[in-house]
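Participant: Sharing data_31.pdb here; it has PDB, C-alpha atoms and all ligand atoms.
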MODEL        1
ATOM      1  CA  MET I1015      -8.682  -2.009 -17.395
ATOM      2  CA  GLN I1016      -5.107  -2.686 -18.404
ATOM      3  CA  PHE I1017      -2.200  -0.880 -16.797
ATOM      4  CA  LYS I1018       1.238  -0.933 -18.391
ATOM      5  CA  THR I1019       4.083   0.388 -16.282
ATOM      6  CA  ASP I1020       6.858   2.607 -17.675
ATOM      7  CA  PHE I1021       9.075   5.434 -16.434
ATOM      8  CA  ILE I1022       9.821   7.457 -19.595
ATOM      9  CA  PRO I1023       6.812   9.216 -21.169
ATOM     10  CA  PRO I1024       6.475   9.130 -24.959
ATOM     11  CA  ALA I1025       7.578  12.366 -26.672
ATOM     12  CA  ASP I1026       4.050  13.434 -27.593
ATOM     13  CA  GLU I1027       1.831  14.259 -24.657
ATOM     14  CA  PRO I1028      -1.827  13.810 -25.553
ATOM     15  CA  GLY I1029      -4.234  15.930 -23.581
ATOM     16  CA  SER I1030      -6.117  13.063 -22.018
ATOM     17  CA  ALA I1031      -3.535  12.059 -19.403
ATOM     18  CA  LEU I1032      -4.694  11.092 -15.911
ATOM     19  CA  TRP I1033      -3.030  12.892 -13.003
ATOM     20  CA  PHE I1034      -2.496  11.362  -9.555
ATOM     21  CA  ILE I1035      -1.630  14.487  -7.559
ATOM     22  CA  PHE I1036      -0.767  14.415  -3.869
ATOM     23  CA  TYR I1037      -0.712  17.002  -1.141
ATOM     24  CA  ASN I1038       0.335  15.960   2.384
ATOM     25  CA  GLY I1039      -0.548  12.320   1.710
ATOM     26  CA  ARG I1040      -3.968  13.160   0.288
ATOM     27  CA  MET I1041      -4.866  12.676  -3.367
ATOM     28  CA  LEU I1042      -6.753  15.003  -5.701
ATOM     29  CA  VAL I1043     -10.033  13.577  -7.017
ATOM     30  CA  LYS I1044     -12.913  14.940  -9.013
ATOM     31  CA  ILE I1045     -16.293  14.464  -7.372
ATOM     32  CA  LYS I1046     -19.414  14.916  -9.427
ATOM     33  CA  ASN I1047     -22.904  13.634  -8.665
ATOM     34  CA  ASP I1048     -21.517  11.292  -5.965
ATOM     35  CA  SER I1049     -19.115   9.661  -8.409
ATOM     36  CA  CYS I1050     -15.391   9.969  -7.965
ATOM     37  CA  SER I1051     -12.741  10.074 -10.707
ATOM     38  CA  ILE I1052      -9.092  10.918 -11.381
ATOM     39  CA  PRO I1053      -8.504  14.459 -12.721
ATOM     40  CA  ASP I1054      -7.269  14.826 -16.289
ATOM     41  CA  GLU I1055      -5.253  17.471 -18.116
ATOM     42  CA  SER I1056      -8.194  19.877 -18.341
ATOM     43  CA  ASP I1057      -8.599  19.911 -14.559
ATOM     44  CA  LEU I1058      -4.991  20.924 -13.910
ATOM     45  CA  ALA I1059      -5.659  24.509 -14.984
ATOM     46  CA  LYS I1060      -8.130  24.898 -12.112
ATOM     47  CA  LEU I1061      -5.414  24.173  -9.518
ATOM     48  CA  LYS I1062      -3.916  27.683  -9.855
ATOM     49  CA  SER I1063      -0.670  26.478  -8.224
ATOM     50  CA  PRO I1064       2.188  24.527  -9.738
ATOM     51  CA  ILE I1065       2.560  20.801  -9.559
ATOM     52  CA  ILE I1066       6.091  19.600  -8.967
ATOM     53  CA  ARG I1067       8.263  16.477  -9.135
ATOM     54  CA  LYS I1068       6.241  14.956 -11.948
ATOM     55  CA  GLN I1069       6.774  11.230 -12.559
ATOM     56  CA  TYR I1070       5.493   9.113 -15.397
ATOM     57  CA  LEU I1071       3.662   5.963 -14.279
ATOM     58  CA  GLY I1072       2.713   4.276 -17.558
ATOM     59  CA  THR I1073      -0.560   3.862 -19.414
ATOM     60  CA  LEU I1074      -4.042   2.772 -18.379
ATOM     61  CA  ASP I1075      -5.944   1.477 -21.396
ATOM     62  CA  GLY I1076      -3.629   3.631 -23.531
ATOM     63  CA  ARG I1077      -4.049   6.818 -21.437
ATOM     64  CA  GLN I1078      -0.878   8.225 -19.973
ATOM     65  CA  CYS I1079      -0.737   8.402 -16.163
ATOM     66  CA  PHE I1080       1.393  10.793 -14.126
ATOM     67  CA  ALA I1081       2.089  11.224 -10.427
ATOM     68  CA  ALA I1082       3.052  14.599  -8.960
ATOM     69  CA  GLU I1083       2.947  16.789  -5.877
ATOM     70  CA  PHE I1084       0.839  19.898  -5.463
ATOM     71  CA  ALA I1085       2.930  22.885  -4.406
ATOM     72  CA  GLY I1086       0.307  25.372  -3.248
ATOM     73  CA  ASN I1087      -2.561  25.757  -0.827
ATOM     74  CA  PRO I1088      -5.407  23.320  -1.491
ATOM     75  CA  ILE I1089      -7.956  24.906  -3.773
ATOM     76  CA  ALA I1090     -11.528  25.549  -2.811
ATOM     77  CA  ASP I1091     -13.341  24.008  -5.732
ATOM     78  CA  THR I1092     -16.688  22.298  -5.646
ATOM     79  CA  GLU I1093     -15.532  19.459  -7.861
ATOM     80  CA  LEU I1094     -11.864  18.999  -7.019
ATOM     81  CA  ALA I1095     -10.748  17.930  -3.543
ATOM     82  CA  PHE I1096      -7.805  16.245  -1.824
ATOM     83  CA  LYS I1097      -8.930  13.019  -0.108
ATOM     84  CA  ASP I1098      -7.293  10.419   2.112
ATOM     85  CA  LEU I1099      -6.423   7.421  -0.072
ATOM     86  CA  ARG I1100      -7.927   4.916   2.365
ATOM     87  CA  GLY I1101     -11.152   6.926   2.324
ATOM     88  CA  LEU I1102     -11.350   6.407  -1.447
ATOM     89  CA  PHE I1103     -11.683   2.616  -1.112
ATOM     90  CA  GLY I1104     -15.115   1.800  -2.472
ATOM     91  CA  MET I1105     -15.447   5.233  -4.111
ATOM     92  CA  LEU I1106     -12.906   4.792  -6.908
ATOM     93  CA  GLU I1107     -12.753   1.766  -9.194
ATOM     94  CA  GLU I1108     -10.393  -0.828  -7.746
ATOM     95  CA  ASP I1109      -7.927  -0.626 -10.666
ATOM     96  CA  LEU I1110      -7.622   3.127 -10.076
ATOM     97  CA  ILE I1111      -7.093   2.583  -6.349
ATOM     98  CA  TRP I1112      -4.061   0.396  -7.058
ATOM     99  CA  ILE I1113      -2.575   2.900  -9.530
ATOM    100  CA  ALA I1114      -3.163   5.618  -6.937
ATOM    101  CA  GLY I1115      -1.328   3.435  -4.410
ATOM    102  CA  ARG I1116       1.563   3.000  -6.811
ATOM    103  CA  ALA I1117       1.593   6.782  -7.378
ATOM    104  CA  ASN I1118       1.544   7.410  -3.629
ATOM    105  CA  GLN I1119       4.539   5.137  -3.072
ATOM    106  CA  LEU I1120       6.530   6.775  -5.861
ATOM    107  CA  VAL I1121       5.670  10.321  -4.715
ATOM    108  CA  ASN I1122       6.788   9.483  -1.165
ATOM    109  CA  TRP I1123       9.990   7.888  -2.402
ATOM    110  CA  ASN I1124      10.776  10.781  -4.745
ATOM    111  CA  GLN I1125      10.130  13.327  -1.994
ATOM    112  CA  SER I1126      12.330  11.554   0.569
ATOM    113  CA  HIS I1127      15.250  10.923  -1.801
ATOM    114  CA  GLN I1128      15.884  14.465  -3.056
ATOM    115  CA  TYR I1129      19.262  14.361  -1.331
ATOM    116  CA  CYS I1130      21.870  11.639  -1.170
ATOM    117  CA  GLY I1131      21.674   9.726   2.111
ATOM    118  CA  LYS I1132      25.411   9.131   2.025
ATOM    119  CA  CYS I1133      26.979  12.499   1.138
ATOM    120  CA  GLY I1134      24.050  14.946   1.213
ATOM    121  CA  LYS I1135      24.259  16.246  -2.378
ATOM    122  CA  LEU I1136      21.176  16.838  -4.514
ATOM    123  CA  THR I1137      20.277  13.635  -6.392
ATOM    124  CA  GLU I1138      19.303  13.314 -10.067
ATOM    125  CA  ASP I1139      16.847  11.022 -11.848
ATOM    126  CA  LYS I1140      18.587   8.145 -13.561
ATOM    127  CA  THR I1141      17.778   8.131 -17.264
ATOM    128  CA  ASP I1142      17.807   4.379 -17.952
ATOM    129  CA  GLU I1143      15.669   3.120 -15.038
ATOM    130  CA  ARG I1144      13.418   4.407 -12.253
ATOM    131  CA  ALA I1145      16.065   5.339  -9.709
ATOM    132  CA  LYS I1146      17.887   8.332  -8.270
ATOM    133  CA  ILE I1147      21.628   8.744  -8.525
ATOM    134  CA  CYS I1148      23.989  11.001  -6.620
ATOM    135  CA  PRO I1149      26.238  12.903  -9.081
ATOM    136  CA  GLU I1150      28.905  13.237  -6.359
ATOM    137  CA  CYS I1151      29.345   9.735  -4.896
ATOM    138  CA  GLY I1152      27.311   7.612  -7.349
ATOM    139  CA  LEU I1153      24.907   6.171  -4.758
ATOM    140  CA  VAL I1154      21.804   4.801  -6.501
ATOM    141  CA  ASN I1155      18.432   4.607  -4.755
ATOM    142  CA  TYR I1156      15.526   2.589  -6.131
ATOM    143  CA  PRO I1157      11.923   3.072  -4.983
ATOM    144  CA  ARG I1158      11.833   1.511  -1.541
ATOM    145  CA  LEU I1159       9.602  -1.412  -0.652
ATOM    146  CA  SER I1160       9.138  -2.738   2.874
ATOM    147  CA  PRO I1161       8.168  -6.424   2.706
ATOM    148  CA  ALA I1162       5.810  -7.629   5.415
ATOM    149  CA  ILE I1163       4.320 -11.053   6.059
ATOM    150  CA  ILE I1164       0.666 -11.596   6.910
ATOM    151  CA  VAL I1165      -0.523 -15.001   8.034
ATOM    152  CA  ALA I1166      -3.710 -16.934   8.719
ATOM    153  CA  VAL I1167      -2.900 -19.417  11.518
ATOM    154  CA  LEU I1168      -5.365 -22.309  11.683
ATOM    155  CA  LYS I1169      -6.132 -24.631  14.618
ATOM    156  CA  ASN I1170      -8.717 -27.321  13.911
ATOM    157  CA  ASP I1171     -11.648 -25.345  12.475
ATOM    158  CA  ARG I1172     -10.651 -22.001  13.902
ATOM    159  CA  ILE I1173      -8.542 -19.045  12.808
ATOM    160  CA  LEU I1174      -6.269 -16.861  14.922
ATOM    161  CA  LEU I1175      -7.315 -13.194  14.851
ATOM    162  CA  GLY I1176      -5.893 -10.361  16.876
ATOM    163  CA  ARG I1177      -6.633  -6.755  17.588
ATOM    164  CA  ASN I1178      -3.682  -4.459  16.959
ATOM    165  CA  LYS I1179      -3.586  -1.246  18.973
ATOM    166  CA  ARG I1180      -2.694   0.679  15.786
ATOM    167  CA  PHE I1181      -5.923  -0.329  14.000
ATOM    168  CA  ARG I1182      -8.026   2.751  13.443
ATOM    169  CA  LEU I1183     -11.256   0.754  13.537
ATOM    170  CA  PRO I1184     -12.236  -1.843  16.170
ATOM    171  CA  PHE I1185     -11.658  -4.913  14.007
ATOM    172  CA  TYR I1186      -9.758  -8.166  14.440
ATOM    173  CA  SER I1187      -7.407  -9.406  11.753
ATOM    174  CA  VAL I1188      -4.792 -11.977  10.860
ATOM    175  CA  LEU I1189      -1.359 -11.132  12.249
ATOM    176  CA  ALA I1190       1.326  -9.321  10.264
ATOM    177  CA  GLY I1191       4.831  -7.937  10.651
ATOM    178  CA  PHE I1192       7.810  -6.530   8.786
ATOM    179  CA  VAL I1193      10.580  -8.755   7.470
ATOM    180  CA  GLU I1194      13.947  -8.126   9.123
ATOM    181  CA  PRO I1195      17.279  -7.996   7.270
ATOM    182  CA  GLY I1196      18.747 -11.460   6.812
ATOM    183  CA  GLU I1197      15.455 -13.254   7.439
ATOM    184  CA  THR I1198      13.531 -15.580   5.118
ATOM    185  CA  LEU I1199       9.786 -15.026   4.799
ATOM    186  CA  GLU I1200       9.143 -18.320   6.608
ATOM    187  CA  GLU I1201      11.448 -17.340   9.480
ATOM    188  CA  CYS I1202       9.618 -14.029   9.680
ATOM    189  CA  VAL I1203       6.234 -15.796   9.925
ATOM    190  CA  LYS I1204       7.495 -17.969  12.808
ATOM    191  CA  ARG I1205       9.125 -15.061  14.643
ATOM    192  CA  GLU I1206       6.217 -12.630  14.318
ATOM    193  CA  ILE I1207       3.636 -15.151  15.552
ATOM    194  CA  ARG I1208       5.879 -16.203  18.439
ATOM    195  CA  GLU I1209       6.617 -12.601  19.429
ATOM    196  CA  GLU I1210       3.069 -11.300  19.107
ATOM    197  CA  VAL I1211       1.046 -14.138  20.633
ATOM    198  CA  GLY I1212       3.544 -16.677  22.002
ATOM    199  CA  ILE I1213       2.641 -19.690  19.855
ATOM    200  CA  THR I1214       4.595 -21.739  17.323
ATOM    201  CA  VAL I1215       3.411 -22.582  13.797
ATOM    202  CA  LYS I1216       4.200 -25.210  11.129
ATOM    203  CA  ASN I1217       3.275 -26.095   7.501
ATOM    204  CA  ILE I1218       3.730 -22.523   6.255
ATOM    205  CA  ARG I1219       2.438 -22.181   2.684
ATOM    206  CA  TYR I1220       2.194 -19.239   0.282
ATOM    207  CA  PHE I1221      -1.219 -17.648  -0.268
ATOM    208  CA  GLY I1222      -0.667 -14.476  -2.345
ATOM    209  CA  SER I1223       0.657 -10.933  -2.238
ATOM    210  CA  GLN I1224      -0.575  -7.364  -2.370
ATOM    211  CA  PRO I1225       1.107  -3.960  -2.528
ATOM    212  CA  TRP I1226       0.043  -1.873   0.452
ATOM    213  CA  PRO I1227       0.976   1.741  -0.212
ATOM    214  CA  PHE I1228       0.814   3.089   3.381
ATOM    215  CA  PRO I1229       3.482   4.115   2.764
ATOM    216  CA  ASP I1230       5.528   1.442   0.957
ATOM    217  CA  SER I1231       4.703  -2.123   2.048
ATOM    218  CA  LEU I1232       4.454  -5.288   0.030
ATOM    219  CA  MET I1233       2.279  -7.775   1.912
ATOM    220  CA  ILE I1234       3.201 -11.441   1.384
ATOM    221  CA  ALA I1235       0.422 -13.672   2.677
ATOM    222  CA  PHE I1236       0.716 -17.182   4.094
ATOM    223  CA  VAL I1237      -1.405 -19.850   5.721
ATOM    224  CA  ALA I1238       0.105 -21.845   8.604
ATOM    225  CA  ASP I1239      -1.003 -24.493  11.105
ATOM    226  CA  TYR I1240      -0.823 -24.192  14.860
ATOM    227  CA  ALA I1241       2.071 -26.219  16.293
ATOM    228  CA  GLY I1242       2.161 -25.481  20.024
ATOM    229  CA  GLY I1243       1.892 -23.042  22.934
ATOM    230  CA  GLU I1244      -0.843 -20.936  24.497
ATOM    231  CA  ILE I1245      -1.949 -17.498  23.291
ATOM    232  CA  CYS I1246      -0.112 -14.861  25.281
ATOM    233  CA  MET I1247      -0.349 -11.274  23.963
ATOM    234  CA  ASP I1248       2.829  -9.239  23.694
ATOM    235  CA  GLY I1249       0.917  -6.284  25.119
ATOM    236  CA  SER I1250       2.776  -3.738  23.031
ATOM    237  CA  GLU I1251       1.239  -4.377  19.622
ATOM    238  CA  ILE I1252      -1.510  -7.000  20.019
ATOM    239  CA  ILE I1253      -4.000  -6.097  22.708
ATOM    240  CA  ASP I1254      -6.329  -9.088  22.222
ATOM    241  CA  ALA I1255      -6.125 -12.344  20.248
ATOM    242  CA  ALA I1256      -8.209 -15.519  20.118
ATOM    243  CA  TRP I1257      -9.277 -18.479  17.972
ATOM    244  CA  PHE I1258     -12.495 -17.812  16.035
ATOM    245  CA  ALA I1259     -14.858 -20.252  14.282
ATOM    246  CA  LYS I1260     -16.396 -19.437  10.872
ATOM    247  CA  ASP I1261     -19.831 -18.782  12.340
ATOM    248  CA  ASN I1262     -18.573 -16.584  15.159
ATOM    249  CA  LEU I1263     -16.238 -14.010  13.598
ATOM    250  CA  PRO I1264     -15.656 -10.576  15.130
ATOM    251  CA  GLN I1265     -15.608  -7.429  12.976
ATOM    252  CA  VAL I1266     -12.964  -8.007  10.264
ATOM    253  CA  PRO I1267     -11.042  -5.686   7.868
ATOM    254  CA  PRO I1268     -12.622  -4.216   4.717
ATOM    255  CA  LYS I1269     -12.905  -6.199   1.466
ATOM    256  CA  ILE I1270      -9.996  -4.773  -0.478
ATOM    257  CA  SER I1271      -7.186  -5.955   1.840
ATOM    258  CA  ILE I1272      -5.347  -9.254   1.563
ATOM    259  CA  ALA I1273      -6.062  -9.711   5.295
ATOM    260  CA  ARG I1274      -9.736  -9.945   4.393
ATOM    261  CA  GLN I1275      -8.967 -12.259   1.454
ATOM    262  CA  LEU I1276      -7.277 -14.652   3.908
ATOM    263  CA  ILE I1277     -10.263 -14.507   6.249
ATOM    264  CA  ASP I1278     -12.727 -15.000   3.360
ATOM    265  CA  TRP I1279     -10.664 -17.977   2.173
ATOM    266  CA  PHE I1280     -10.942 -19.480   5.685
ATOM    267  CA  VAL I1281     -14.718 -18.916   5.742
ATOM    268  CA  HIS I1282     -15.514 -20.144   2.229
ATOM    269  CA  GLY I1283     -12.838 -22.810   1.995
TER
HETATM  270 ZN    ZN B1301      26.231  11.054  -2.595
ENDMDL
END
If you took the structure in this file and wrote it as structure tokens, what would it be?
Ligand SMILES: [Zn+2]

Facilitator:
Amino acid sequence: MQFKTDFIPPADEPGSALWFIFYNGRMLVKIKNDSCSIPDESDLAKLKSPIIRKQYLGTLDGRQCFAAEFAGNPIADTELAFKDLRGLFGMLEEDLIWIAGRANQLVNWNQSHQYCGKCGKLTEDKTDERAKICPECGLVNYPRLSPAIIVAVLKNDRILLGRNKRFRLPFYSVLAGFVEPGETLEECVKREIREEVGITVKNIRYFGSQPWPFPDSLMIAFVADYAGGEICMDGSEIIDAAWFAKDNLPQVPPKISIARQLIDWFVHG
């Protein structure tokens, strides 16, 4: 599948567009015979309530894609249902999951930037780029991203994994944290590891990145080597952390996340 991003839809609107429609953080999907798909134009009529704040996303294999919000009470339909995006991992094709994530981020941004944060006036869509502009004071807001680092710390043949109290499932993962203003990514890696488990790291190298649309993160992944100190949990975020060997891993995050890609890289080399 090939996705091509854009923000202005072509003048003609063919009937085969795909619609990523959200209601309270849940996304509308079509479920038929245990298979899950994205609703198209023909399904919109069944919603019986308007969809608002439509945004053009681009094309997927030539099909137009739109994001929007549902402005009514969720319908009771045997085929159409609003589902938690995380719950759709493994049910929808991975390419569709990432477009849904992109749609989710843009819907959240659009919803939370209806008014100017500086002077309070109603904002307008900018016509030459994906942004919102205040007609009163000129403040421009672009879709917000919150960069976060995620890092696999290695010590001899073991990897540092921790259990975060916010994890919904009882798994252990590589450590992560949000980048602060004025900080480089490398400084963030050092600070987060020191704050969360009390150790220092060295030889920080880039691994990869992944958008994480809950609600607007961009995960930037690194590998680093242990430099010094003893594991000492911060108690507020990390409730347990330890060094794990390849053949003795605890429960780890699901396949789709870059956290799991880091752990798989450690296991398979
Ligand atoms: Zn303003």

Participant: With all atoms listed in the file as the atoms that count, which of I:Asn1155, I:Ser1063, I:Thr1019, I:Asn1170 lies nearest to ligand ZN 1301 (chain B)?

Facilitator: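 Comparing I:Asn1155, I:Ser1063, I:Thr1019, I:Asn1170 against ligand ZN 1301 (chain B), the winner is I:Asn1155.
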
Participant: May I have the residues within 6 Å of range 1208-1212 of chain I as an MDAnalysis selection string, using only C-alpha atoms and disregarding those fewer than 3 positions away in the same chain?

Facilitator: chainID I and resid 1205 1245:1248

Participant: Taking C-alpha atoms for each residue, export the selection above as a PDB file, in the coordinates of the input.

Facilitator:
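File written: again-v5.pdb
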ATOM      1  CA  ARG I1205       9.125 -15.061  14.643  1.00  0.00           C
ATOM      2  CA  ILE I1245      -1.949 -17.498  23.291  1.00  0.00           C
ATOM      3  CA  CYS I1246      -0.112 -14.861  25.281  1.00  0.00           C
ATOM      4  CA  MET I1247      -0.349 -11.274  23.963  1.00  0.00           C
ATOM      5  CA  ASP I1248       2.829  -9.239  23.694  1.00  0.00           C
TER       6      ASP I1248
END

Participant: Quick one: pull the distance between CA of Ile1213 in chain I and CA of Lys1179 in chain I, Å, one decimal.

Facilitator: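 Between these atoms lies a distance of 19.5 Å.
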
Participant: Which is closest to ligand ZN 1301 (chain B) among I:Glu1194, I:Asp1239, I:Asp1278, I:Glu1150, if we use only C-alpha atoms and all ligand atoms?

Facilitator: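 The answer is I:Glu1150, which sits nearest to ligand ZN 1301 (chain B).
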
Participant: Please write the residues picked by the PyMOL selection byres (((chain I and resi 1270) around 10) and not hetatm) on this file as a list in words.

Facilitator: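 Answer for the PyMOL selection byres (((chain I and resi 1270) around 10) and not hetatm): Phe1103, Gly1104, Glu1108, Ile1111, Gln1224, Pro1267, Pro1268, Lys1269, Ser1271, Ile1272, Ala1273, Arg1274 and Gln1275 of chain I.
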
Participant: Could those residues be written to a file, using C-alpha atoms, as a PDB file, in the frame of the given file?

Facilitator:
ATOM      1  CA  PHE I1103     -11.683   2.616  -1.112  1.00  0.00           C
ATOM      2  CA  GLY I1104     -15.115   1.800  -2.472  1.00  0.00           C
ATOM      3  CA  GLU I1108     -10.393  -0.828  -7.746  1.00  0.00           C
ATOM      4  CA  ILE I1111      -7.093   2.583  -6.349  1.00  0.00           C
ATOM      5  CA  GLN I1224      -0.575  -7.364  -2.370  1.00  0.00           C
ATOM      6  CA  PRO I1267     -11.042  -5.686   7.868  1.00  0.00           C
ATOM      7  CA  PRO I1268     -12.622  -4.216   4.717  1.00  0.00           C
ATOM      8  CA  LYS I1269     -12.905  -6.199   1.466  1.00  0.00           C
ATOM      9  CA  SER I1271      -7.186  -5.955   1.840  1.00  0.00           C
ATOM     10  CA  ILE I1272      -5.347  -9.254   1.563  1.00  0.00           C
ATOM     11  CA  ALA I1273      -6.062  -9.711   5.295  1.00  0.00           C
ATOM     12  CA  ARG I1274      -9.736  -9.945   4.393  1.00  0.00           C
ATOM     13  CA  GLN I1275      -8.967 -12.259   1.454  1.00  0.00           C
TER      14      GLN I1275
END

Participant: Check the smallest atom-to-atom distance from each of I:Tyr1037, I:Phe1096, I:Tyr1129, I:Tyr1070 to ligand ZN 1301 (chain B) using all atoms listed in the file, then report the winner.

Facilitator: I:Tyr1129

Participant: Using all atoms listed in the file, what are the residues with an atom within 12 Å of ligand ZN 1301 (chain B), set out as an mmCIF file with C-alpha atoms, in the frame of the given file?

Facilitator:
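Output contents, as saved in out.cif:
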data_model
loop_
_atom_site.group_PDB
_atom_site.id
_atom_site.type_symbol
_atom_site.label_atom_id
_atom_site.label_comp_id
_atom_site.auth_asym_id
_atom_site.auth_seq_id
_atom_site.Cartn_x
_atom_site.Cartn_y
_atom_site.Cartn_z
ATOM 1 C CA HIS I 1127 15.250 10.923 -1.801
ATOM 2 C CA GLN I 1128 15.884 14.465 -3.056
ATOM 3 C CA TYR I 1129 19.262 14.361 -1.331
ATOM 4 C CA CYS I 1130 21.870 11.639 -1.170
ATOM 5 C CA GLY I 1131 21.674 9.726 2.111
ATOM 6 C CA LYS I 1132 25.411 9.131 2.025
ATOM 7 C CA CYS I 1133 26.979 12.499 1.138
ATOM 8 C CA GLY I 1134 24.050 14.946 1.213
ATOM 9 C CA LYS I 1135 24.259 16.246 -2.378
ATOM 10 C CA LEU I 1136 21.176 16.838 -4.514
ATOM 11 C CA THR I 1137 20.277 13.635 -6.392
ATOM 12 C CA GLU I 1138 19.303 13.314 -10.067
ATOM 13 C CA LYS I 1146 17.887 8.332 -8.270
ATOM 14 C CA ILE I 1147 21.628 8.744 -8.525
ATOM 15 C CA CYS I 1148 23.989 11.001 -6.620
ATOM 16 C CA PRO I 1149 26.238 12.903 -9.081
ATOM 17 C CA GLU I 1150 28.905 13.237 -6.359
ATOM 18 C CA CYS I 1151 29.345 9.735 -4.896
ATOM 19 C CA GLY I 1152 27.311 7.612 -7.349
ATOM 20 C CA LEU I 1153 24.907 6.171 -4.758
ATOM 21 C CA VAL I 1154 21.804 4.801 -6.501
ATOM 22 C CA ASN I 1155 18.432 4.607 -4.755
#

Participant: Give as a list in words the residues that the PyMOL selection byres (((chain I and resi 1071) around 8) and not hetatm) matches when applied to the coordinates above.

Facilitator: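 Selection result, ordered by chain and number: Thr1019, Asp1020, Phe1021, Gln1069, Tyr1070, Gly1072, Thr1073, Gln1078, Cys1079, Phe1080, Ala1081 and Ala1117 of chain I.
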
Participant: Deliver the residues from the most recent selection as a file, using C-alpha atoms, as a compact mmCIF listing (two decimals), keeping the file's coordinate frame.

Facilitator:
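Written file, part.txt:
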# COMPACT_ATOMS: atom_id res chain seq x y z
CA THR I 1019 4.08 0.39 -16.28
CA ASP I 1020 6.86 2.61 -17.68
CA PHE I 1021 9.07 5.43 -16.43
CA GLN I 1069 6.77 11.23 -12.56
CA TYR I 1070 5.49 9.11 -15.40
CA GLY I 1072 2.71 4.28 -17.56
CA THR I 1073 -0.56 3.86 -19.41
CA GLN I 1078 -0.88 8.22 -19.97
CA CYS I 1079 -0.74 8.40 -16.16
CA PHE I 1080 1.39 10.79 -14.13
CA ALA I 1081 2.09 11.22 -10.43
CA ALA I 1117 1.59 6.78 -7.38

Participant: Give as JSON, numbers by chain every residue, naming chains and numbers as the document does, that has an atom within 10 Å of (1.7, 12.7, -10.6), counting all atoms listed in the file.

Facilitator: {"I": [1032, 1033, 1034, 1035, 1036, 1041, 1065, 1066, 1067, 1068, 1069, 1070, 1071, 1079, 1080, 1081, 1082, 1083, 1084, 1114, 1117, 1118, 1120, 1121]}

Participant: Would you mind telling me which residue in I:Ala1238, I:Leu1174, I:Cys1050, I:Leu1232 lies nearest to Leu1159 in chain I when using only C-alpha atoms?

Facilitator: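 Ranking I:Ala1238, I:Leu1174, I:Cys1050, I:Leu1232 by distance to Leu1159 in chain I, first place goes to I:Leu1232.
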
Participant: Please identify all polymer residues within 12 Å of Lys1062 in chain I, counting all atoms listed in the file, omitting same-chain residues fewer than 5 positions from it, and present them as a PyMOL selection string.

Facilitator: chain I and resi 1057+1084-1091

Participant: Which polymer residues have any atom within 12 Å of an atom of Lys1260 in chain I, counting only C-alpha atoms, with same-chain residues fewer than 3 positions away left out, as a list in words?

Facilitator: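 Once the nearby chain positions are removed, what remains is Leu1168, Asn1170, Asp1171, Arg1172, Ile1173, Leu1174, Leu1175, Trp1257, Leu1263, Pro1264, Val1266, Ile1277, Asp1278, Trp1279, Phe1280, Val1281, His1282 and Gly1283 of chain I.
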
Participant: Please complete range 1105-1116 of chain I so it has N, CA and C atoms, and hand it over as a PDB file, in the frame of the given file.

Facilitator:
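Resulting contents of result.pdb:
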ATOM      1  N   MET I1105     -14.950   4.080  -3.345  1.00  0.00           N
ATOM      2  CA  MET I1105     -15.447   5.233  -4.111  1.00  0.00           C
ATOM      3  C   MET I1105     -14.861   5.243  -5.515  1.00  0.00           C
ATOM      4  N   LEU I1106     -13.571   4.875  -5.601  1.00  0.00           N
ATOM      5  CA  LEU I1106     -12.906   4.792  -6.908  1.00  0.00           C
ATOM      6  C   LEU I1106     -12.911   3.337  -7.365  1.00  0.00           C
ATOM      7  N   GLU I1107     -12.882   3.127  -8.678  1.00  0.00           N
ATOM      8  CA  GLU I1107     -12.753   1.766  -9.194  1.00  0.00           C
ATOM      9  C   GLU I1107     -11.481   1.134  -8.648  1.00  0.00           C
ATOM     10  N   GLU I1108     -11.520  -0.179  -8.409  1.00  0.00           N
ATOM     11  CA  GLU I1108     -10.393  -0.828  -7.746  1.00  0.00           C
ATOM     12  C   GLU I1108      -9.086  -0.697  -8.533  1.00  0.00           C
ATOM     13  N   ASP I1109      -9.145  -0.780  -9.858  1.00  0.00           N
ATOM     14  CA  ASP I1109      -7.927  -0.626 -10.666  1.00  0.00           C
ATOM     15  C   ASP I1109      -7.288   0.744 -10.428  1.00  0.00           C
ATOM     16  N   LEU I1110      -8.132   1.765 -10.308  1.00  0.00           N
ATOM     17  CA  LEU I1110      -7.622   3.127 -10.076  1.00  0.00           C
ATOM     18  C   LEU I1110      -7.031   3.263  -8.677  1.00  0.00           C
ATOM     19  N   ILE I1111      -7.625   2.567  -7.715  1.00  0.00           N
ATOM     20  CA  ILE I1111      -7.093   2.583  -6.349  1.00  0.00           C
ATOM     21  C   ILE I1111      -5.652   2.069  -6.335  1.00  0.00           C
ATOM     22  N   TRP I1112      -5.408   0.980  -7.080  1.00  0.00           N
ATOM     23  CA  TRP I1112      -4.061   0.396  -7.058  1.00  0.00           C
ATOM     24  C   TRP I1112      -3.063   1.275  -7.808  1.00  0.00           C
ATOM     25  N   ILE I1113      -3.496   1.960  -8.853  1.00  0.00           N
ATOM     26  CA  ILE I1113      -2.575   2.900  -9.530  1.00  0.00           C
ATOM     27  C   ILE I1113      -2.312   4.093  -8.607  1.00  0.00           C
ATOM     28  N   ALA I1114      -3.339   4.526  -7.906  1.00  0.00           N
ATOM     29  CA  ALA I1114      -3.163   5.618  -6.937  1.00  0.00           C
ATOM     30  C   ALA I1114      -2.181   5.200  -5.850  1.00  0.00           C
ATOM     31  N   GLY I1115      -2.258   3.945  -5.421  1.00  0.00           N
ATOM     32  CA  GLY I1115      -1.328   3.435  -4.410  1.00  0.00           C
ATOM     33  C   GLY I1115       0.098   3.429  -4.921  1.00  0.00           C
ATOM     34  N   ARG I1116       0.258   2.999  -6.156  1.00  0.00           N
ATOM     35  CA  ARG I1116       1.563   3.000  -6.811  1.00  0.00           C
ATOM     36  C   ARG I1116       2.092   4.438  -6.888  1.00  0.00           C
TER      37      ARG I1116
END
